[in-house]
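Quick look at target_37.cif (mmCIF, C-alpha atoms):
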data_coords
loop_
_atom_site.label_atom_id
_atom_site.label_comp_id
_atom_site.auth_asym_id
_atom_site.auth_seq_id
_atom_site.Cartn_x
_atom_site.Cartn_y
_atom_site.Cartn_z
CA MET Q 1 -43.88 1.83 -6.16
CA VAL Q 2 -42.24 4.82 -7.79
CA LYS Q 3 -38.88 5.68 -6.36
CA ARG Q 4 -36.60 8.56 -7.18
CA LYS Q 5 -33.05 7.46 -7.78
CA SER Q 6 -30.61 8.81 -5.28
CA LEU Q 7 -27.61 10.72 -6.61
CA ASP Q 8 -25.33 8.33 -4.74
CA ASP Q 9 -26.81 5.09 -6.08
CA GLY Q 10 -24.00 4.74 -8.60
CA GLU Q 11 -21.20 5.23 -6.09
CA PRO Q 12 -20.40 2.56 -3.54
CA GLU Q 13 -19.77 3.90 -0.06
CA CYS Q 14 -16.46 3.20 1.66
CA GLY Q 15 -16.70 1.39 4.94
CA LYS Q 16 -19.65 -0.83 3.96
CA GLY Q 17 -19.26 -4.57 4.11
CA VAL Q 18 -16.22 -4.60 6.39
CA PRO Q 19 -15.29 -8.28 6.92
CA PHE Q 20 -16.11 -9.71 10.31
CA PRO Q 21 -12.47 -10.55 11.26
CA ILE Q 22 -11.58 -6.86 10.85
CA GLN Q 23 -14.52 -5.75 12.98
CA THR Q 24 -13.47 -8.24 15.66
CA PHE Q 25 -9.88 -6.98 15.52
CA LEU Q 26 -10.93 -3.33 15.89
CA TRP Q 27 -13.29 -4.00 18.79
CA ARG Q 28 -10.69 -6.15 20.50
CA GLN Q 29 -8.16 -3.29 20.39
CA THR Q 30 -10.78 -0.77 21.53
CA SER Q 31 -11.98 -2.90 24.43
CA ALA Q 32 -8.66 -2.35 26.23
CA PHE Q 33 -9.59 1.35 26.55
CA LEU Q 34 -13.12 0.72 27.82
CA ARG Q 35 -12.16 -0.92 31.11
CA PRO Q 36 -13.10 0.87 34.36
CA LYS Q 37 -9.37 1.29 35.04
CA LEU Q 38 -6.79 1.44 32.29
CA GLY Q 39 -4.12 -1.20 32.67
CA LYS Q 40 -1.21 -2.10 30.46
CA GLN Q 41 -3.40 -3.80 27.85
CA TYR Q 42 -3.99 -0.53 26.01
CA GLU Q 43 -0.28 -0.23 25.21
CA ALA Q 44 -0.44 -3.35 23.03
CA SER Q 45 -3.48 -1.90 21.24
CA CYS Q 46 -1.58 1.32 20.47
CA VAL Q 47 1.21 -0.75 18.91
CA SER Q 48 -1.28 -2.83 16.90
CA PHE Q 49 -3.09 0.23 15.53
CA GLU Q 50 0.16 1.78 14.29
CA ARG Q 51 1.53 -1.49 12.93
CA VAL Q 52 -1.58 -2.51 10.99
CA LEU Q 53 -2.95 0.88 9.90
CA VAL Q 54 0.08 3.10 9.40
CA GLU Q 55 2.80 0.59 8.55
CA HIS Q 56 0.35 -1.86 6.95
CA LYS Q 57 2.28 -4.85 8.29
CA LEU Q 58 0.26 -8.05 8.24
CA HIS Q 59 3.00 -10.40 9.41
CA GLY Q 60 2.02 -12.11 12.65
CA LEU Q 61 -1.72 -11.63 12.21
CA SER Q 62 -4.06 -14.59 12.05
CA PRO Q 63 -4.64 -15.98 8.54
CA ALA Q 64 -8.33 -15.02 8.68
CA LEU Q 65 -7.55 -11.39 9.62
CA SER Q 66 -4.74 -11.10 7.10
CA GLU Q 67 -6.97 -12.45 4.32
CA ALA Q 68 -9.80 -10.09 5.34
CA ILE Q 69 -7.52 -7.03 5.22
CA GLN Q 70 -6.28 -8.00 1.78
CA SER Q 71 -9.86 -8.44 0.54
CA ILE Q 72 -10.67 -4.71 0.87
CA SER Q 73 -8.85 -1.55 -0.11
CA ARG Q 74 -6.53 0.07 2.37
CA TRP Q 75 -8.74 3.16 2.46
CA GLU Q 76 -11.77 1.10 3.48
CA LEU Q 77 -9.69 -0.26 6.36
CA VAL Q 78 -8.74 3.26 7.41
CA GLN Q 79 -12.34 4.46 7.23
CA ALA Q 80 -13.53 1.54 9.34
CA ALA Q 81 -10.78 2.03 11.93
CA LEU Q 82 -10.91 5.82 12.26
CA PRO Q 83 -13.87 5.99 14.71
CA HIS Q 84 -12.12 3.41 16.92
CA VAL Q 85 -8.87 5.38 16.90
CA LEU Q 86 -10.77 8.59 17.69
CA HIS Q 87 -12.44 7.04 20.73
CA CYS Q 88 -9.22 5.43 22.00
CA THR Q 89 -7.18 8.62 21.63
CA ALA Q 90 -9.82 10.68 23.40
CA ILE Q 91 -9.89 8.20 26.30
CA LEU Q 92 -6.13 8.35 26.67
CA LEU Q 93 -6.07 12.15 26.63
CA SER Q 94 -8.87 12.36 29.18
CA ASN Q 95 -6.87 10.03 31.46
CA ARG Q 96 -3.50 11.63 30.77
CA ASN Q 97 -3.02 12.91 34.32
CA LYS Q 98 -4.00 9.57 35.85
CA LEU Q 99 -1.51 7.76 33.62
CA GLY Q 100 1.30 10.02 34.85
CA HIS Q 101 2.02 11.58 31.45
CA GLN Q 102 1.07 15.16 32.22
CA ASP Q 103 4.50 16.56 31.34
CA LYS Q 104 5.44 14.17 28.54
CA LEU Q 105 3.48 11.68 26.48
CA GLY Q 106 4.33 8.03 26.98
CA VAL Q 107 5.42 5.72 24.19
CA ALA Q 108 1.96 4.19 23.75
CA GLU Q 109 0.25 7.60 23.70
CA THR Q 110 2.77 8.85 21.14
CA LYS Q 111 2.11 5.85 18.88
CA LEU Q 112 -1.66 6.28 19.03
CA LEU Q 113 -1.52 10.03 18.43
CA HIS Q 114 0.85 9.44 15.51
CA THR Q 115 -1.67 6.97 14.09
CA LEU Q 116 -4.45 9.54 14.35
CA HIS Q 117 -2.33 12.24 12.69
CA TRP Q 118 -1.45 9.88 9.85
CA MET Q 119 -5.08 8.92 9.28
CA LEU Q 120 -6.20 12.56 9.09
CA LEU Q 121 -3.24 14.04 7.22
CA ASP Q 122 -1.38 11.44 5.18
CA ALA Q 123 -3.69 8.46 4.67
CA PRO Q 124 -5.69 9.93 1.74
CA GLN Q 125 -2.57 10.53 -0.36
CA GLU Q 126 -0.98 7.18 0.51
CA CYS Q 127 -4.19 5.22 0.04
CA ALA Q 128 -4.88 6.95 -3.29
CA GLN Q 129 -1.80 5.21 -4.65
CA GLU Q 130 -3.17 1.78 -3.76
CA PRO Q 131 -4.33 -0.24 -6.81
CA GLY Q 132 -7.68 -1.11 -5.23
CA LEU Q 133 -8.71 2.44 -4.36
CA GLY Q 134 -9.95 3.36 -7.81
CA SER Q 135 -12.43 0.47 -7.90
CA ALA Q 136 -13.48 1.13 -4.31
CA LEU Q 137 -14.39 4.70 -5.21
CA GLY Q 138 -16.13 3.80 -8.43
CA GLY Q 139 -13.56 5.21 -10.80
CA SER Q 140 -10.03 4.95 -12.13
CA ARG Q 141 -7.13 7.34 -12.12
CA VAL Q 142 -6.30 9.29 -15.27
CA GLN Q 143 -2.61 9.02 -16.00
CA HIS Q 144 -1.99 11.51 -18.80
CA GLY Q 145 -1.33 15.22 -19.13
CA SER Q 146 -2.74 17.94 -16.92
CA SER Q 147 -5.77 15.81 -16.02
CA LEU Q 148 -3.64 13.97 -13.42
CA LEU Q 149 -3.84 16.86 -10.95
CA GLU Q 150 -7.57 17.23 -11.52
CA ASP Q 151 -8.05 13.51 -10.96
CA ASP Q 152 -6.05 13.66 -7.72
CA GLU Q 153 -8.33 16.45 -6.52
CA GLN Q 154 -11.43 14.48 -7.44
CA THR Q 155 -10.03 11.46 -5.61
CA ARG Q 156 -9.48 13.47 -2.43
CA THR Q 157 -13.01 14.85 -2.72
CA LYS Q 158 -14.46 11.34 -3.01
CA LEU Q 159 -12.39 10.19 -0.07
CA PHE Q 160 -13.91 12.76 2.26
CA GLN Q 161 -17.36 13.48 0.83
CA LYS Q 162 -19.02 10.99 3.21
CA SER Q 163 -17.03 11.84 6.33
CA MET Q 164 -19.53 14.24 7.96
CA ALA Q 165 -20.30 11.80 10.77
CA THR Q 166 -16.59 11.23 11.39
CA VAL Q 167 -15.86 14.96 11.57
CA GLU Q 168 -18.74 15.44 13.99
CA LEU Q 169 -17.41 12.58 16.13
CA PHE Q 170 -13.96 14.21 16.14
CA VAL Q 171 -15.43 17.49 17.33
CA PHE Q 172 -17.60 15.83 19.97
CA LEU Q 173 -14.65 13.91 21.42
CA PHE Q 174 -11.79 16.39 21.10
CA ALA Q 175 -13.32 19.84 21.49
CA PRO Q 176 -13.28 19.44 25.31
CA LEU Q 177 -9.75 17.96 25.17
CA ILE Q 178 -7.87 20.29 22.84
CA HIS Q 179 -5.84 21.72 25.73
CA ARG Q 180 -4.81 18.23 26.89
CA ILE Q 181 -2.40 18.33 23.95
CA LYS Q 182 0.48 20.75 24.36
CA GLU Q 183 2.75 22.25 21.76
CA SER Q 184 5.71 20.64 23.54
CA ASP Q 185 4.14 17.24 22.79
CA LEU Q 186 4.19 17.80 19.04
CA THR Q 187 7.84 17.15 18.30
CA PHE Q 188 9.66 14.73 16.02
CA ARG Q 189 7.13 12.26 14.56
CA LEU Q 190 4.19 14.21 16.01
CA ALA Q 191 5.25 17.56 14.53
CA SER Q 192 2.80 17.27 11.63
CA GLY Q 193 -0.05 17.37 14.16
CA LEU Q 194 0.46 21.12 14.55
CA ALA Q 195 -1.61 21.50 11.38
CA ILE Q 196 -4.57 20.06 13.33
CA TRP Q 197 -4.16 21.32 16.88
CA GLN Q 198 -2.65 24.81 16.44
CA PRO Q 199 -5.75 26.19 14.63
CA MET Q 200 -8.03 24.49 17.16
CA TRP Q 201 -6.16 26.13 20.05
CA GLU Q 202 -6.93 29.43 18.32
CA HIS Q 203 -10.57 28.45 17.63
CA ARG Q 204 -9.94 28.19 13.91
CA GLN Q 205 -10.74 25.42 11.47
CA PRO Q 206 -7.69 23.36 10.42
CA ASP Q 207 -6.89 23.87 6.76
CA ILE Q 208 -6.70 20.19 5.85
CA PRO Q 209 -8.99 18.23 3.50
CA ALA Q 210 -10.50 16.15 6.33
CA PHE Q 211 -12.19 19.29 7.67
CA THR Q 212 -12.53 21.56 4.62
CA THR Q 213 -13.69 19.27 1.79
CA LEU Q 214 -17.26 19.84 0.69
CA ILE Q 215 -19.68 17.09 1.66
CA LYS Q 216 -22.70 15.98 -0.29
CA PRO Q 217 -25.77 15.74 2.01
CA LEU Q 218 -28.09 12.79 1.69
CA ARG Q 219 -31.12 13.34 -0.50
CA ASN Q 220 -34.52 12.31 0.80
CA ILE Q 221 -36.05 9.62 -1.40
CA VAL Q 222 -39.60 10.44 -2.52
CA THR Q 223 -41.96 7.49 -2.90
CA ALA Q 224 -45.50 7.23 -4.20
CA LYS Q 225 -48.03 4.94 -2.49
CA ARG Q 226 -50.52 3.05 -4.61
CA ASN Q 227 -54.09 3.13 -3.33
CA SER Q 228 -55.65 -0.25 -2.58
CA PRO Q 229 -59.39 -0.88 -3.25
CA ILE Q 230 -60.06 -0.73 0.49
CA ASN Q 231 -58.40 2.65 0.77
CA ASN Q 232 -60.37 3.89 -2.24
CA GLN Q 233 -63.65 2.91 -0.61
CA CYS Q 234 -62.66 4.70 2.57
CA SER Q 235 -61.63 7.79 0.67
CA PRO Q 236 -64.03 10.71 1.12
CA HIS Q 237 -63.94 11.33 -2.61
CA GLY Q 238 -64.64 7.68 -3.46
CA SER Q 239 -62.45 7.96 -6.48
CA GLY Q 240 -60.57 4.95 -7.80
CA ASN Q 241 -57.80 7.12 -9.20
CA PRO Q 242 -54.60 7.18 -7.18
CA ALA Q 243 -53.91 10.39 -5.37
CA PRO Q 244 -51.34 12.50 -7.18
CA MET Q 245 -47.89 12.69 -5.67
CA VAL Q 246 -46.98 16.28 -4.84
CA ARG Q 247 -43.36 17.28 -4.96
CA THR Q 248 -42.03 20.57 -3.74
CA PRO Q 249 -39.85 22.55 -6.16
CA SER Q 250 -36.80 21.96 -3.96
CA GLU Q 251 -36.97 18.23 -4.65
CA HIS Q 252 -36.07 18.84 -8.28
CA LEU Q 253 -33.03 20.97 -7.49
CA PRO Q 254 -29.54 19.58 -6.86
CA LEU Q 255 -28.53 19.64 -3.24
CA PRO Q 256 -25.75 22.11 -2.35
CA LEU Q 257 -22.47 20.86 -0.99
CA LEU Q 258 -21.86 21.57 2.67
CA HIS Q 259 -18.75 22.17 4.73
CA PRO Q 260 -18.28 19.92 7.76
CA PRO Q 261 -19.48 22.01 10.73
CA LEU Q 262 -16.16 22.03 12.60
CA LEU Q 263 -15.74 25.80 12.34
CA ILE Q 264 -19.15 26.40 13.94
CA TYR Q 265 -18.23 24.20 16.89
CA LEU Q 266 -14.87 25.89 17.34
CA LEU Q 267 -16.38 29.36 17.27
CA SER Q 268 -18.97 28.31 19.85
CA LEU Q 269 -16.13 27.43 22.24
CA ASP Q 270 -14.74 30.95 22.18
CA GLY Q 271 -15.76 32.83 25.32
#
Exercise: express the given structure as structure tokens:
Amino acid sequence: MVKRKSLDDGEPECGKGVPFPIQTFLWRQTSAFLRPKLGKQYEASCVSFERVLVEHKLHGLSPALSEAIQSISRWELVQAALPHVLHCTAILLSNRNKLGHQDKLGVAETKLLHTLHWMLLDAPQECAQEPGLGSALGGSRVQHGSSLLEDDEQTRTKLFQKSMATVELFVFLFAPLIHRIKESDLTFRLASGLAIWQPMWEHRQPDIPAFTTLIKPLRNIVTAKRNSPINNQCSPHGSGNPAPMVRTPSEHLPLPLLHPPLLIYLLSLDG
């Protein structure tokens, strides 16, 4: 079988092969938000998300979970946890009135929103300084001369080039809830979130790498099927030669980079 090599074959994808203890931990924290009626269990999950993801404190965790977190890069942990944090934050915002926090966010809500802001705004820069990130992204940092800035930019691009699904999930969950967050909420440790929510209130795309970095679309893999003797006999031409594989000209061209479609969604909300 002839198979065209994908452009991404040489680059491992972040988020693959997440150890089972980490998956169990993330689902256990998320399950507190999926109950028919939110109780107090979700508050402990908000604390755990901030403690493990933002502060990266492993003290008090089970040995299996602590060992699993140390076996992968910090960025892979963030990538695996981000969809969970998105869902949990959206659930809390949608239930804000029922929780009695219409005028002011509670402590748990503040912790979870701070975790989300950190993951979208600060995590790429902090995780890029981790020793294991270079190997996780298939490269190493250049530490000399003017190439350092270029390497930082390439690192940020690699961090976000496979985040299309995550950006779409963010839009799907938060586009109906953008007015559940008020400017009066974004004070002190949540002040950095204005970079995300202020443009969305105005139906503009936030100017942060999570939403503006170009994304490489997946290339379709072209395969050629070998004709078996039975298929040759059934062929109307009766020829034993394999049928030629026809490729369109576009298959030979490099795929263009695409912007995450957040701006399109925001513009569709206007009016």
Completion exercise
Expressed in Å, the length from CA of Lys40 (chain Q) to CA of Leu121 (chain Q) is 28.4 Å
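For the file at hand, the PyMOL selection byres ((chain Q and resi 20-35) around 7) resolves to Val18, Pro19, Pro36, Lys37, Leu38, Gln41, Tyr42, Ser45, Ala64, Leu65, Ala68, Ile69, Ala81, His84, Cys88 and Ile91 of chain Q.
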Problem - Picked residues, the PyMOL selection byres ((chain Q and resi 122) around 12), expected as a PyMOL selection string - result: chain Q and resi 53-54+75+78+114-121+123-129+156+192-193+195+208-210
Problem - Of the listed residues Q:Asp185, Q:Thr213, Q:Gln198, Q:Glu55, that which approaches Leu105 (chain Q) most closely, counting only C-alpha atoms - result: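 Going through Q:Asp185, Q:Thr213, Q:Gln198, Q:Glu55 one by one, the smallest distance to Leu105 (chain Q) is for Q:Asp185.
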Handout entry: Nearest to Leu214 (chain Q), chosen from Q:Ala90, Q:Met164, Q:Leu99, Q:Leu194, with all atoms listed in the file counted in the distances
Key =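 Using all atoms listed in the file, the shortest distance to Leu214 (chain Q) belongs to Q:Met164.
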Problem - Best match for closeness to Thr89 (chain Q) among Q:Arg189, Q:Arg51, Q:His101, Q:Lys111, counting only C-alpha atoms - result: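 Smallest separation from Thr89 (chain Q) among the options: Q:Lys111.
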Problem - Interatomic distance, CA of Glu67 (chain Q) to CA of His87 (chain Q) (Å, one decimal) - result: 26.1 Å
Problem - Exercise: residues within 10 Å of coordinate (3.5, 16.4, 30.1), counting only C-alpha atoms, as a ChimeraX atom specification - result: /Q:96-97,100-106,180-182,184-185
